[in-house]
$ cat final-v3.cif   # mmCIF, C-alpha atoms and all ligand atoms
data_start
#
loop_
_atom_site.group_PDB
_atom_site.id
_atom_site.type_symbol
_atom_site.label_atom_id
_atom_site.label_comp_id
_atom_site.auth_asym_id
_atom_site.auth_seq_id
_atom_site.Cartn_x
_atom_site.Cartn_y
_atom_site.Cartn_z
ATOM 1 C CA MET Q 1 -40.373 -100.578 -191.018
ATOM 2 C CA GLY Q 2 -41.314 -102.525 -194.133
ATOM 3 C CA MET Q 3 -44.292 -104.815 -194.493
ATOM 4 C CA ASN Q 4 -42.186 -107.927 -194.204
ATOM 5 C CA GLU Q 5 -40.097 -106.873 -191.237
ATOM 6 C CA PRO Q 6 -40.958 -108.603 -187.973
ATOM 7 C CA VAL Q 7 -41.927 -106.329 -185.128
ATOM 8 C CA PRO Q 8 -38.806 -106.251 -182.933
ATOM 9 C CA GLY Q 9 -39.175 -107.698 -179.483
ATOM 10 C CA LEU Q 10 -42.644 -109.104 -180.002
ATOM 11 C CA ALA Q 11 -42.957 -112.619 -178.694
ATOM 12 C CA ALA Q 12 -46.090 -114.736 -178.437
ATOM 13 C CA GLY Q 13 -47.818 -113.609 -175.276
ATOM 14 C CA ALA Q 14 -50.879 -111.905 -173.913
ATOM 15 C CA VAL Q 15 -49.283 -108.519 -173.259
ATOM 16 C CA GLU Q 16 -47.422 -107.988 -176.503
ATOM 17 C CA GLY Q 17 -49.742 -109.978 -178.717
ATOM 18 C CA PRO Q 18 -49.279 -113.192 -180.640
ATOM 19 C CA TRP Q 19 -46.276 -112.833 -182.937
ATOM 20 C CA TYR Q 20 -47.044 -113.165 -186.626
ATOM 21 C CA HIS Q 21 -44.705 -112.522 -189.516
ATOM 22 C CA PRO Q 22 -46.629 -111.530 -192.664
ATOM 23 C CA THR Q 23 -45.846 -113.399 -195.867
ATOM 24 C CA GLY Q 24 -47.570 -110.916 -198.158
ATOM 25 C CA ASN Q 25 -50.258 -108.287 -197.964
ATOM 26 C CA GLU Q 26 -52.551 -110.295 -195.681
ATOM 27 C CA VAL Q 27 -52.485 -107.877 -192.731
ATOM 28 C CA ALA Q 28 -53.680 -104.866 -194.753
ATOM 29 C CA LEU Q 29 -56.238 -106.990 -196.588
ATOM 30 C CA PHE Q 30 -57.636 -108.337 -193.338
ATOM 31 C CA GLU Q 31 -57.774 -104.863 -191.795
ATOM 32 C CA GLN Q 32 -59.807 -103.589 -194.728
ATOM 33 C CA CYS Q 33 -62.177 -106.551 -194.528
ATOM 34 C CA HIS Q 34 -62.599 -105.934 -190.810
ATOM 35 C CA ALA Q 35 -63.279 -102.231 -191.284
ATOM 36 C CA ARG Q 36 -65.909 -102.953 -193.942
ATOM 37 C CA GLY Q 37 -67.577 -105.858 -192.216
ATOM 38 C CA LEU Q 38 -66.517 -108.426 -194.799
ATOM 39 C CA ALA Q 39 -66.239 -112.050 -193.766
ATOM 40 C CA VAL Q 40 -62.913 -113.765 -194.473
ATOM 41 C CA MET Q 41 -61.955 -117.276 -195.492
ATOM 42 C CA LEU Q 42 -58.370 -118.306 -194.675
ATOM 43 C CA LYS Q 43 -57.197 -121.019 -197.053
ATOM 44 C CA GLY Q 44 -54.034 -122.974 -196.525
ATOM 45 C CA PRO Q 45 -52.484 -126.281 -195.483
ATOM 46 C CA THR Q 46 -52.292 -127.440 -191.883
ATOM 47 C CA GLY Q 47 -49.647 -125.695 -189.793
ATOM 48 C CA CYS Q 48 -49.107 -122.768 -192.166
ATOM 49 C CA GLY Q 49 -50.136 -120.055 -189.706
ATOM 50 C CA LYS Q 50 -53.908 -119.546 -190.137
ATOM 51 C CA THR Q 51 -54.711 -119.705 -186.443
ATOM 52 C CA ARG Q 52 -51.708 -117.590 -185.481
ATOM 53 C CA PHE Q 53 -52.699 -115.013 -188.082
ATOM 54 C CA VAL Q 54 -56.253 -114.648 -186.805
ATOM 55 C CA GLU Q 55 -55.000 -114.479 -183.199
ATOM 56 C CA HIS Q 56 -52.587 -111.750 -184.221
ATOM 57 C CA MET Q 57 -55.233 -109.784 -186.119
ATOM 58 C CA ALA Q 58 -57.741 -109.978 -183.256
ATOM 59 C CA TRP Q 59 -55.068 -108.621 -180.936
ATOM 60 C CA LYS Q 60 -54.042 -105.908 -183.393
ATOM 61 C CA LEU Q 61 -57.650 -104.822 -183.919
ATOM 62 C CA GLY Q 62 -58.407 -105.006 -180.217
ATOM 63 C CA ARG Q 63 -61.283 -107.456 -180.654
ATOM 64 C CA PRO Q 64 -62.031 -110.552 -178.572
ATOM 65 C CA LEU Q 65 -61.514 -113.793 -180.494
ATOM 66 C CA ILE Q 66 -63.975 -116.663 -180.166
ATOM 67 C CA THR Q 67 -62.835 -119.872 -181.872
ATOM 68 C CA VAL Q 68 -65.118 -122.780 -182.733
ATOM 69 C CA PRO Q 69 -63.605 -126.029 -184.054
ATOM 70 C CA CYS Q 70 -66.086 -127.412 -186.592
ATOM 71 C CA HIS Q 71 -66.916 -131.096 -187.011
ATOM 72 C CA ASP Q 72 -69.582 -133.070 -188.786
ATOM 73 C CA ASP Q 73 -72.007 -133.253 -185.910
ATOM 74 C CA LEU Q 74 -71.798 -129.596 -185.003
ATOM 75 C CA ALA Q 75 -75.428 -128.468 -184.849
ATOM 76 C CA ALA Q 76 -76.755 -124.967 -185.380
ATOM 77 C CA SER Q 77 -77.646 -124.900 -181.676
ATOM 78 C CA ASP Q 78 -73.976 -125.501 -180.815
ATOM 79 C CA LEU Q 79 -73.251 -122.179 -182.504
ATOM 80 C CA ILE Q 80 -76.341 -120.237 -181.510
ATOM 81 C CA GLY Q 81 -77.242 -121.543 -178.079
ATOM 82 C CA ARG Q 82 -79.816 -123.601 -176.239
ATOM 83 C CA PHE Q 83 -82.183 -123.703 -173.302
ATOM 84 C CA LEU Q 84 -80.665 -125.397 -170.302
ATOM 85 C CA ILE Q 85 -82.951 -127.117 -167.860
ATOM 86 C CA GLN Q 86 -82.393 -126.087 -164.266
ATOM 87 C CA HIS Q 87 -84.176 -126.936 -161.009
ATOM 88 C CA ASP Q 88 -86.321 -123.777 -161.237
ATOM 89 C CA GLY Q 89 -87.032 -123.752 -164.950
ATOM 90 C CA THR Q 90 -85.050 -123.232 -168.089
ATOM 91 C CA VAL Q 91 -82.436 -120.607 -168.905
ATOM 92 C CA TRP Q 92 -81.171 -119.584 -172.279
ATOM 93 C CA GLN Q 93 -77.446 -119.959 -172.834
ATOM 94 C CA ASP Q 94 -75.776 -118.185 -175.753
ATOM 95 C CA GLY Q 95 -73.597 -120.285 -178.028
ATOM 96 C CA PRO Q 96 -70.193 -118.982 -179.171
ATOM 97 C CA LEU Q 97 -71.523 -117.369 -182.364
ATOM 98 C CA THR Q 98 -74.231 -115.497 -180.463
ATOM 99 C CA ARG Q 99 -71.709 -114.289 -177.896
ATOM 100 C CA ALA Q 100 -69.469 -113.022 -180.697
ATOM 101 C CA VAL Q 101 -72.410 -111.224 -182.340
ATOM 102 C CA ARG Q 102 -73.353 -109.525 -179.066
ATOM 103 C CA GLU Q 103 -69.787 -108.621 -178.050
ATOM 104 C CA GLY Q 104 -68.529 -107.514 -181.438
ATOM 105 C CA ALA Q 105 -65.909 -110.267 -181.388
ATOM 106 C CA ILE Q 106 -64.118 -111.998 -184.211
ATOM 107 C CA CYS Q 107 -65.681 -115.449 -184.543
ATOM 108 C CA TYR Q 108 -63.267 -117.990 -186.032
ATOM 109 C CA LEU Q 109 -64.878 -121.156 -187.356
ATOM 110 C CA ASP Q 110 -62.000 -123.563 -187.794
ATOM 111 C CA GLU Q 111 -62.341 -126.206 -190.559
ATOM 112 C CA VAL Q 112 -65.744 -124.999 -191.608
ATOM 113 C CA VAL Q 113 -66.225 -127.503 -194.465
ATOM 114 C CA GLU Q 114 -66.494 -130.214 -191.833
ATOM 115 C CA ALA Q 115 -69.713 -128.677 -190.533
ATOM 116 C CA ARG Q 116 -73.105 -129.737 -191.863
ATOM 117 C CA GLN Q 117 -74.809 -127.544 -194.443
ATOM 118 C CA ASP Q 118 -77.791 -126.838 -192.202
ATOM 119 C CA THR Q 119 -75.371 -125.539 -189.593
ATOM 120 C CA VAL Q 120 -73.453 -123.361 -192.021
ATOM 121 C CA VAL Q 121 -76.659 -121.786 -193.295
ATOM 122 C CA VAL Q 122 -77.103 -119.893 -189.997
ATOM 123 C CA LEU Q 123 -74.154 -117.761 -191.099
ATOM 124 C CA HIS Q 124 -75.873 -116.411 -194.172
ATOM 125 C CA ALA Q 125 -77.803 -113.486 -192.714
ATOM 126 C CA LEU Q 126 -74.687 -112.482 -190.780
ATOM 127 C CA THR Q 127 -72.472 -112.338 -193.828
ATOM 128 C CA ASP Q 128 -74.485 -110.028 -196.041
ATOM 129 C CA HIS Q 129 -75.620 -106.450 -195.601
ATOM 130 C CA ARG Q 130 -78.151 -107.468 -192.930
ATOM 131 C CA ARG Q 131 -75.572 -108.552 -190.350
ATOM 132 C CA ILE Q 132 -78.276 -110.209 -188.302
ATOM 133 C CA LEU Q 133 -78.559 -113.448 -186.371
ATOM 134 C CA PRO Q 134 -82.119 -114.712 -185.976
ATOM 135 C CA ILE Q 135 -82.488 -116.919 -182.905
ATOM 136 C CA ASP Q 136 -85.528 -119.032 -183.658
ATOM 137 C CA LYS Q 137 -85.806 -120.539 -180.202
ATOM 138 C CA THR Q 138 -86.123 -117.208 -178.400
ATOM 139 C CA GLY Q 139 -87.628 -115.167 -181.201
ATOM 140 C CA GLU Q 140 -84.776 -112.678 -180.956
ATOM 141 C CA VAL Q 141 -83.158 -111.140 -184.000
ATOM 142 C CA LEU Q 142 -79.726 -109.841 -183.078
ATOM 143 C CA GLN Q 143 -77.987 -107.090 -184.976
ATOM 144 C CA ALA Q 144 -74.242 -107.800 -184.987
ATOM 145 C CA ALA Q 145 -72.355 -105.359 -182.778
ATOM 146 C CA PRO Q 146 -69.716 -103.173 -184.452
ATOM 147 C CA GLY Q 147 -66.468 -105.112 -184.691
ATOM 148 C CA PHE Q 148 -68.186 -108.461 -185.189
ATOM 149 C CA GLN Q 149 -66.470 -110.373 -187.973
ATOM 150 C CA LEU Q 150 -66.763 -113.900 -189.197
ATOM 151 C CA VAL Q 151 -63.595 -115.742 -190.187
ATOM 152 C CA ILE Q 152 -63.532 -119.320 -191.422
ATOM 153 C CA SER Q 153 -60.609 -121.578 -192.232
ATOM 154 C CA TYR Q 154 -60.272 -124.169 -194.912
ATOM 155 C CA ASN Q 155 -57.475 -126.689 -195.578
ATOM 156 C CA PRO Q 156 -57.390 -127.502 -199.307
ATOM 157 C CA GLY Q 157 -56.737 -131.140 -200.080
ATOM 158 C CA TYR Q 158 -58.571 -132.738 -197.187
ATOM 159 C CA GLN Q 159 -61.394 -135.205 -197.698
ATOM 160 C CA ARG Q 160 -63.934 -132.419 -197.844
ATOM 161 C CA MET Q 161 -63.512 -129.818 -200.529
ATOM 162 C CA LEU Q 162 -64.405 -126.222 -201.030
ATOM 163 C CA LYS Q 163 -67.028 -127.357 -203.533
ATOM 164 C CA ASP Q 164 -68.765 -129.097 -200.630
ATOM 165 C CA LEU Q 165 -69.725 -125.632 -199.455
ATOM 166 C CA LYS Q 166 -72.722 -124.245 -201.264
ATOM 167 C CA PRO Q 167 -71.822 -121.456 -203.698
ATOM 168 C CA SER Q 168 -74.214 -119.239 -201.768
ATOM 169 C CA THR Q 169 -72.035 -119.807 -198.692
ATOM 170 C CA ARG Q 170 -68.681 -119.666 -200.414
ATOM 171 C CA GLN Q 171 -69.442 -116.422 -202.188
ATOM 172 C CA ARG Q 172 -70.019 -114.624 -198.908
ATOM 173 C CA PHE Q 173 -66.308 -114.621 -198.028
ATOM 174 C CA VAL Q 174 -63.204 -112.804 -199.143
ATOM 175 C CA ALA Q 175 -60.669 -115.623 -199.503
ATOM 176 C CA MET Q 176 -57.063 -115.179 -198.473
ATOM 177 C CA ASP Q 177 -54.517 -117.779 -199.502
ATOM 178 C CA LEU Q 178 -51.893 -118.528 -196.893
ATOM 179 C CA ASP Q 179 -49.163 -121.013 -197.667
ATOM 180 C CA PHE Q 180 -45.776 -122.000 -196.305
ATOM 181 C CA PRO Q 181 -43.598 -118.891 -196.372
ATOM 182 C CA PRO Q 182 -40.558 -118.572 -198.651
ATOM 183 C CA PRO Q 183 -37.440 -120.279 -197.219
ATOM 184 C CA GLU Q 184 -35.644 -117.308 -195.604
ATOM 185 C CA LEU Q 185 -38.841 -116.259 -193.887
ATOM 186 C CA GLU Q 186 -39.791 -119.757 -192.800
ATOM 187 C CA ALA Q 187 -36.339 -120.124 -191.235
ATOM 188 C CA ARG Q 188 -36.842 -116.897 -189.279
ATOM 189 C CA ILE Q 189 -40.205 -118.128 -188.052
ATOM 190 C CA VAL Q 190 -38.763 -121.504 -187.026
ATOM 191 C CA GLN Q 191 -35.911 -119.762 -185.242
ATOM 192 C CA HIS Q 192 -38.200 -117.320 -183.455
ATOM 193 C CA GLU Q 193 -40.740 -119.916 -182.372
ATOM 194 C CA SER Q 194 -38.370 -122.718 -181.348
ATOM 195 C CA GLY Q 195 -35.293 -120.858 -180.173
ATOM 196 C CA VAL Q 196 -33.029 -123.037 -182.322
ATOM 197 C CA ASP Q 197 -29.923 -121.423 -183.871
ATOM 198 C CA GLN Q 198 -29.930 -120.009 -187.358
ATOM 199 C CA ALA Q 199 -27.894 -122.804 -188.954
ATOM 200 C CA ALA Q 200 -30.236 -125.486 -187.658
ATOM 201 C CA ALA Q 201 -33.302 -123.446 -188.667
ATOM 202 C CA ASN Q 202 -31.910 -123.147 -192.196
ATOM 203 C CA GLY Q 203 -31.245 -126.892 -192.203
ATOM 204 C CA LEU Q 204 -34.812 -127.646 -191.145
ATOM 205 C CA VAL Q 205 -36.225 -125.466 -193.895
ATOM 206 C CA SER Q 206 -34.031 -126.979 -196.597
ATOM 207 C CA LEU Q 207 -35.032 -130.439 -195.351
ATOM 208 C CA ALA Q 208 -38.680 -129.379 -195.608
ATOM 209 C CA GLU Q 209 -38.136 -128.099 -199.140
ATOM 210 C CA ARG Q 210 -36.766 -131.488 -200.154
ATOM 211 C CA ILE Q 211 -39.515 -133.441 -198.448
ATOM 212 C CA ARG Q 212 -42.210 -131.196 -199.938
ATOM 213 C CA GLN Q 213 -41.028 -132.253 -203.383
ATOM 214 C CA LEU Q 214 -42.148 -135.773 -202.531
ATOM 215 C CA ARG Q 215 -45.777 -134.684 -202.492
ATOM 216 C CA ASP Q 216 -47.690 -136.845 -204.939
ATOM 217 C CA ARG Q 217 -44.731 -139.203 -205.099
ATOM 218 C CA GLY Q 218 -46.082 -141.399 -202.356
ATOM 219 C CA LEU Q 219 -46.129 -138.834 -199.584
ATOM 220 C CA ALA Q 220 -49.732 -137.832 -198.906
ATOM 221 C CA GLU Q 221 -48.935 -134.997 -196.570
ATOM 222 C CA VAL Q 222 -45.936 -132.683 -196.454
ATOM 223 C CA PRO Q 223 -44.228 -131.191 -193.365
ATOM 224 C CA SER Q 224 -45.727 -127.945 -192.127
ATOM 225 C CA THR Q 225 -44.022 -125.020 -190.464
ATOM 226 C CA ARG Q 226 -45.512 -126.422 -187.250
ATOM 227 C CA LEU Q 227 -43.527 -129.682 -187.621
ATOM 228 C CA LEU Q 228 -40.314 -127.761 -188.271
ATOM 229 C CA ILE Q 229 -40.907 -125.738 -185.110
ATOM 230 C CA ALA Q 230 -41.438 -128.955 -183.145
ATOM 231 C CA ALA Q 231 -38.142 -130.362 -184.441
ATOM 232 C CA GLY Q 232 -36.405 -127.053 -183.700
ATOM 233 C CA THR Q 233 -37.801 -127.038 -180.174
ATOM 234 C CA LEU Q 234 -36.364 -130.507 -179.543
ATOM 235 C CA MET Q 235 -33.006 -129.415 -180.991
ATOM 236 C CA ALA Q 236 -32.956 -126.287 -178.847
ATOM 237 C CA SER Q 237 -33.515 -128.437 -175.779
ATOM 238 C CA GLY Q 238 -30.479 -130.571 -176.571
ATOM 239 C CA ILE Q 239 -31.849 -133.515 -178.562
ATOM 240 C CA PRO Q 240 -29.369 -134.478 -181.331
ATOM 241 C CA LEU Q 241 -30.370 -132.919 -184.674
ATOM 242 C CA ARG Q 242 -31.134 -136.068 -186.617
ATOM 243 C CA GLU Q 243 -32.985 -137.687 -183.761
ATOM 244 C CA ALA Q 244 -35.126 -134.563 -183.414
ATOM 245 C CA CYS Q 245 -36.001 -134.784 -187.129
ATOM 246 C CA TYR Q 246 -36.840 -138.480 -186.987
ATOM 247 C CA ALA Q 247 -39.170 -137.922 -184.051
ATOM 248 C CA ALA Q 248 -40.764 -134.608 -184.983
ATOM 249 C CA ILE Q 249 -40.826 -134.769 -188.787
ATOM 250 C CA VAL Q 250 -40.357 -138.282 -190.195
ATOM 251 C CA SER Q 251 -42.566 -140.308 -187.850
ATOM 252 C CA PRO Q 252 -45.561 -137.967 -187.899
ATOM 253 C CA LEU Q 253 -45.562 -137.969 -191.719
ATOM 254 C CA SER Q 254 -45.430 -141.655 -192.564
ATOM 255 C CA ASP Q 255 -45.349 -145.175 -191.211
ATOM 256 C CA GLU Q 256 -44.720 -146.843 -194.526
ATOM 257 C CA SER Q 257 -41.231 -148.318 -194.227
ATOM 258 C CA SER Q 258 -39.847 -147.419 -197.663
ATOM 259 C CA MET Q 259 -41.077 -143.841 -197.275
ATOM 260 C CA VAL Q 260 -39.661 -143.629 -193.761
ATOM 261 C CA ASP Q 261 -36.280 -144.826 -195.075
ATOM 262 C CA ALA Q 262 -36.339 -142.237 -197.844
ATOM 263 C CA LEU Q 263 -37.227 -139.471 -195.395
ATOM 264 C CA ARG Q 264 -34.512 -140.554 -192.956
ATOM 265 C CA ASP Q 265 -31.986 -140.471 -195.818
ATOM 266 C CA LEU Q 266 -32.988 -136.888 -196.523
ATOM 267 C CA VAL Q 267 -32.512 -136.049 -192.837
ATOM 268 C CA ASP Q 268 -29.073 -137.660 -192.818
ATOM 269 C CA ALA Q 269 -28.084 -135.790 -195.981
ATOM 270 C CA THR Q 270 -29.211 -132.496 -194.466
ATOM 271 C CA PHE Q 271 -27.700 -132.848 -191.010
ATOM 272 C CA VAL Q 272 -24.426 -134.611 -191.722
HETATM 273 N N1 LIG F 301 -46.283 -116.339 -190.527
HETATM 274 C C1 LIG F 301 -46.079 -116.809 -189.294
HETATM 275 N N2 LIG F 301 -45.684 -116.007 -188.285
HETATM 276 C C2 LIG F 301 -45.474 -116.498 -187.049
HETATM 277 N N3 LIG F 301 -45.621 -117.796 -186.717
HETATM 278 C C3 LIG F 301 -46.012 -118.647 -187.671
HETATM 279 C C4 LIG F 301 -46.262 -118.205 -188.993
HETATM 280 N N4 LIG F 301 -46.618 -119.284 -189.746
HETATM 281 C C5 LIG F 301 -46.598 -120.334 -188.917
HETATM 282 N N5 LIG F 301 -46.238 -119.972 -187.667
HETATM 283 C C6 LIG F 301 -46.014 -120.881 -186.553
HETATM 284 O O1 LIG F 301 -46.527 -122.153 -186.948
HETATM 285 C C7 LIG F 301 -47.379 -122.672 -185.948
HETATM 286 C C8 LIG F 301 -48.537 -123.378 -186.609
HETATM 287 O O2 LIG F 301 -49.386 -122.421 -187.199
HETATM 288 P P1 LIG F 301 -50.973 -122.433 -186.980
HETATM 289 O O3 LIG F 301 -51.330 -123.225 -185.772
HETATM 290 O O4 LIG F 301 -51.411 -121.026 -187.051
HETATM 291 O O5 LIG F 301 -51.391 -123.251 -188.281
HETATM 292 P P2 LIG F 301 -52.830 -123.469 -188.947
HETATM 293 O O6 LIG F 301 -52.705 -122.987 -190.335
HETATM 294 O O7 LIG F 301 -53.869 -122.880 -188.068
HETATM 295 O O8 LIG F 301 -52.937 -125.052 -188.965
HETATM 296 P P3 LIG F 301 -54.249 -126.002 -188.842
HETATM 297 O O9 LIG F 301 -54.919 -125.948 -190.189
HETATM 298 O O10 LIG F 301 -53.668 -127.351 -188.551
HETATM 299 O O11 LIG F 301 -55.079 -125.458 -187.725
HETATM 300 C C9 LIG F 301 -47.811 -121.476 -185.114
HETATM 301 O O12 LIG F 301 -48.033 -121.866 -183.770
HETATM 302 C C10 LIG F 301 -46.640 -120.555 -185.218
HETATM 303 O O13 LIG F 301 -45.684 -120.915 -184.236
HETATM 304 MG MG MG F 302 -55.377 -123.736 -186.891
#

$ encode --input "final-v3.cif" --output "structure tokens" --more "lines below"
Ligand SMILES: Nc1ncnc2c1ncn2[C@@H]1O[C@H](COP(=O)(O)OP(=O)(O)OP(=O)(O)O)[C@@H](O)[C@H]1O
Ligand SMILES: [Mg+2]
Amino acid sequence: MGMNEPVPGLAAGAVEGPWYHPTGNEVALFEQCHARGLAVMLKGPTGCGKTRFVEHMAWKLGRPLITVPCHDDLAASDLIGRFLIQHDGTVWQDGPLTRAVREGAICYLDEVVEARQDTVVVLHALTDHRRILPIDKTGEVLQAAPGFQLVISYNPGYQRMLKDLKPSTRQRFVAMDLDFPPPELEARIVQHESGVDQAAANGLVSLAERIRQLRDRGLAEVPSTRLLIAAGTLMASGIPLREACYAAIVSPLSDESSMVDALRDLVDATFV
């Protein structure tokens, strides 16, 4: 079976693993990074498959996956842990990063540029040859268990940019660029994930191609594979094709009336 062939019969699910269709060499690259303890940065627009990819890889590698959504008031203690006060004293509670380090899990920090610099800095000793996590509050210095891997995600084009990460942070990661897959592949993904028929899946992808050309022509944000799957899901459940596109693609993208009209025209031209 070739690199780009889907695994037959694999659907998203705990037993068979989260289904992921590679768009390039990302599976082999990730496996090598995992084997050599290299941290990975997944770059790509919203809804292009970053989370699904890391879920799939964790399953494939047989590692637990611990995901932490990052935001601007995420403190280092939210990652590492804290003392909790109880009736009979205080107990230490590991944060998600510490748990991952102990268990040899894959720790996925989603949207890492949103996190404060002083929070991100705790990753440094984990992402070089030391592979250690110093826990100041307990005095412990943990050596990362085999299998521990740090993965971060980054959406280019948001308010916060890659340059907002310190070079000393950025240069600790192997970066993998994920983007929307080529049309035939995106249609297969939409079909697989939504259960819509092939003709409608092709229609959704060609609609997306047209809308994506409007980027920088007044449309700030283009439709992701995720939006196409949502539209396909509505179609597969019996909602008329155009109505499904208005609800799942047009409305989420814009509320500016001339843009909405233009997008609806594209829908009508695609699903005549
Ligand atoms: N290559 C792919 N193989 C299988 N499914 C995919 C693929 N790409 C996208 N998908 C589908 O698209 C959906 C959205 O992808 P996902 O949630 O992984 O995006 P993301 O890049 O993590 O987005 P965000 O930046 O918003 O978190 C997935 O739930 C999955 O159904
Ligand atoms: Mg995600």

$ residues_near_ligand --input "final-v3.cif" --ligand "ligand LIG 301 (chain F)" --cutoff "10 Å" --atoms "all atoms listed in the file" --output "PyMOL selection string"
chain Q and resi 6+11-12+18-24+42-56+69+110-111+153-156+178-181+185-186+188-194+224-230

$ write_last_selection --input "final-v3.cif" --atoms "C-alpha atoms" --output "PDB file, keeping the file's coordinate frame"
ATOM      1  CA  PRO Q   6     -40.958-108.603-187.973  1.00  0.00           C
ATOM      2  CA  ALA Q  11     -42.957-112.619-178.694  1.00  0.00           C
ATOM      3  CA  ALA Q  12     -46.090-114.736-178.437  1.00  0.00           C
ATOM      4  CA  PRO Q  18     -49.279-113.192-180.640  1.00  0.00           C
ATOM      5  CA  TRP Q  19     -46.276-112.833-182.937  1.00  0.00           C
ATOM      6  CA  TYR Q  20     -47.044-113.165-186.626  1.00  0.00           C
ATOM      7  CA  HIS Q  21     -44.705-112.522-189.516  1.00  0.00           C
ATOM      8  CA  PRO Q  22     -46.629-111.530-192.664  1.00  0.00           C
ATOM      9  CA  THR Q  23     -45.846-113.399-195.867  1.00  0.00           C
ATOM     10  CA  GLY Q  24     -47.570-110.916-198.158  1.00  0.00           C
ATOM     11  CA  LEU Q  42     -58.370-118.306-194.675  1.00  0.00           C
ATOM     12  CA  LYS Q  43     -57.197-121.019-197.053  1.00  0.00           C
ATOM     13  CA  GLY Q  44     -54.034-122.974-196.525  1.00  0.00           C
ATOM     14  CA  PRO Q  45     -52.484-126.281-195.483  1.00  0.00           C
ATOM     15  CA  THR Q  46     -52.292-127.440-191.883  1.00  0.00           C
ATOM     16  CA  GLY Q  47     -49.647-125.695-189.793  1.00  0.00           C
ATOM     17  CA  CYS Q  48     -49.107-122.768-192.166  1.00  0.00           C
ATOM     18  CA  GLY Q  49     -50.136-120.055-189.706  1.00  0.00           C
ATOM     19  CA  LYS Q  50     -53.908-119.546-190.137  1.00  0.00           C
ATOM     20  CA  THR Q  51     -54.711-119.705-186.443  1.00  0.00           C
ATOM     21  CA  ARG Q  52     -51.708-117.590-185.481  1.00  0.00           C
ATOM     22  CA  PHE Q  53     -52.699-115.013-188.082  1.00  0.00           C
ATOM     23  CA  VAL Q  54     -56.253-114.648-186.805  1.00  0.00           C
ATOM     24  CA  GLU Q  55     -55.000-114.479-183.199  1.00  0.00           C
ATOM     25  CA  HIS Q  56     -52.587-111.750-184.221  1.00  0.00           C
ATOM     26  CA  PRO Q  69     -63.605-126.029-184.054  1.00  0.00           C
ATOM     27  CA  ASP Q 110     -62.000-123.563-187.794  1.00  0.00           C
ATOM     28  CA  GLU Q 111     -62.341-126.206-190.559  1.00  0.00           C
ATOM     29  CA  SER Q 153     -60.609-121.578-192.232  1.00  0.00           C
ATOM     30  CA  TYR Q 154     -60.272-124.169-194.912  1.00  0.00           C
ATOM     31  CA  ASN Q 155     -57.475-126.689-195.578  1.00  0.00           C
ATOM     32  CA  PRO Q 156     -57.390-127.502-199.307  1.00  0.00           C
ATOM     33  CA  LEU Q 178     -51.893-118.528-196.893  1.00  0.00           C
ATOM     34  CA  ASP Q 179     -49.163-121.013-197.667  1.00  0.00           C
ATOM     35  CA  PHE Q 180     -45.776-122.000-196.305  1.00  0.00           C
ATOM     36  CA  PRO Q 181     -43.598-118.891-196.372  1.00  0.00           C
ATOM     37  CA  LEU Q 185     -38.841-116.259-193.887  1.00  0.00           C
ATOM     38  CA  GLU Q 186     -39.791-119.757-192.800  1.00  0.00           C
ATOM     39  CA  ARG Q 188     -36.842-116.897-189.279  1.00  0.00           C
ATOM     40  CA  ILE Q 189     -40.205-118.128-188.052  1.00  0.00           C
ATOM     41  CA  VAL Q 190     -38.763-121.504-187.026  1.00  0.00           C
ATOM     42  CA  GLN Q 191     -35.911-119.762-185.242  1.00  0.00           C
ATOM     43  CA  HIS Q 192     -38.200-117.320-183.455  1.00  0.00           C
ATOM     44  CA  GLU Q 193     -40.740-119.916-182.372  1.00  0.00           C
ATOM     45  CA  SER Q 194     -38.370-122.718-181.348  1.00  0.00           C
ATOM     46  CA  SER Q 224     -45.727-127.945-192.127  1.00  0.00           C
ATOM     47  CA  THR Q 225     -44.022-125.020-190.464  1.00  0.00           C
ATOM     48  CA  ARG Q 226     -45.512-126.422-187.250  1.00  0.00           C
ATOM     49  CA  LEU Q 227     -43.527-129.682-187.621  1.00  0.00           C
ATOM     50  CA  LEU Q 228     -40.314-127.761-188.271  1.00  0.00           C
ATOM     51  CA  ILE Q 229     -40.907-125.738-185.110  1.00  0.00           C
ATOM     52  CA  ALA Q 230     -41.438-128.955-183.145  1.00  0.00           C
TER      53      ALA Q 230
END

$ resolve_selection --input "final-v3.cif" --expression "the PyMOL selection byres (((chain Q and resi 71-86) around 7) and not hetatm)" --output "JSON list (two decimals) with C-alpha atoms, keeping the file's coordinate frame"
[["chain", "number", "residue", "atom", "x", "y", "z"],
["Q", 69, "PRO", "CA", -63.60, -126.03, -184.05],
["Q", 70, "CYS", "CA", -66.09, -127.41, -186.59],
["Q", 87, "HIS", "CA", -84.18, -126.94, -161.01],
["Q", 88, "ASP", "CA", -86.32, -123.78, -161.24],
["Q", 89, "GLY", "CA", -87.03, -123.75, -164.95],
["Q", 90, "THR", "CA", -85.05, -123.23, -168.09],
["Q", 91, "VAL", "CA", -82.44, -120.61, -168.90],
["Q", 92, "TRP", "CA", -81.17, -119.58, -172.28],
["Q", 93, "GLN", "CA", -77.45, -119.96, -172.83],
["Q", 94, "ASP", "CA", -75.78, -118.18, -175.75],
["Q", 95, "GLY", "CA", -73.60, -120.28, -178.03],
["Q", 96, "PRO", "CA", -70.19, -118.98, -179.17],
["Q", 97, "LEU", "CA", -71.52, -117.37, -182.36],
["Q", 98, "THR", "CA", -74.23, -115.50, -180.46],
["Q", 114, "GLU", "CA", -66.49, -130.21, -191.83],
["Q", 115, "ALA", "CA", -69.71, -128.68, -190.53],
["Q", 116, "ARG", "CA", -73.10, -129.74, -191.86],
["Q", 119, "THR", "CA", -75.37, -125.54, -189.59],
["Q", 122, "VAL", "CA", -77.10, -119.89, -190.00]]

$ resolve_selection --input "final-v3.cif" --expression "the PyMOL selection byres (((chain Q and resi 35-38) around 9) and not hetatm)" --output "list in words"
Phe30, Glu31, Gln32, Cys33, His34, Ala39, Val40, Thr127, Asp128, His129, Arg131, Pro146, Gly147, Phe148, Gln149, Leu150, Arg172, Phe173 and Val174 of chain Q
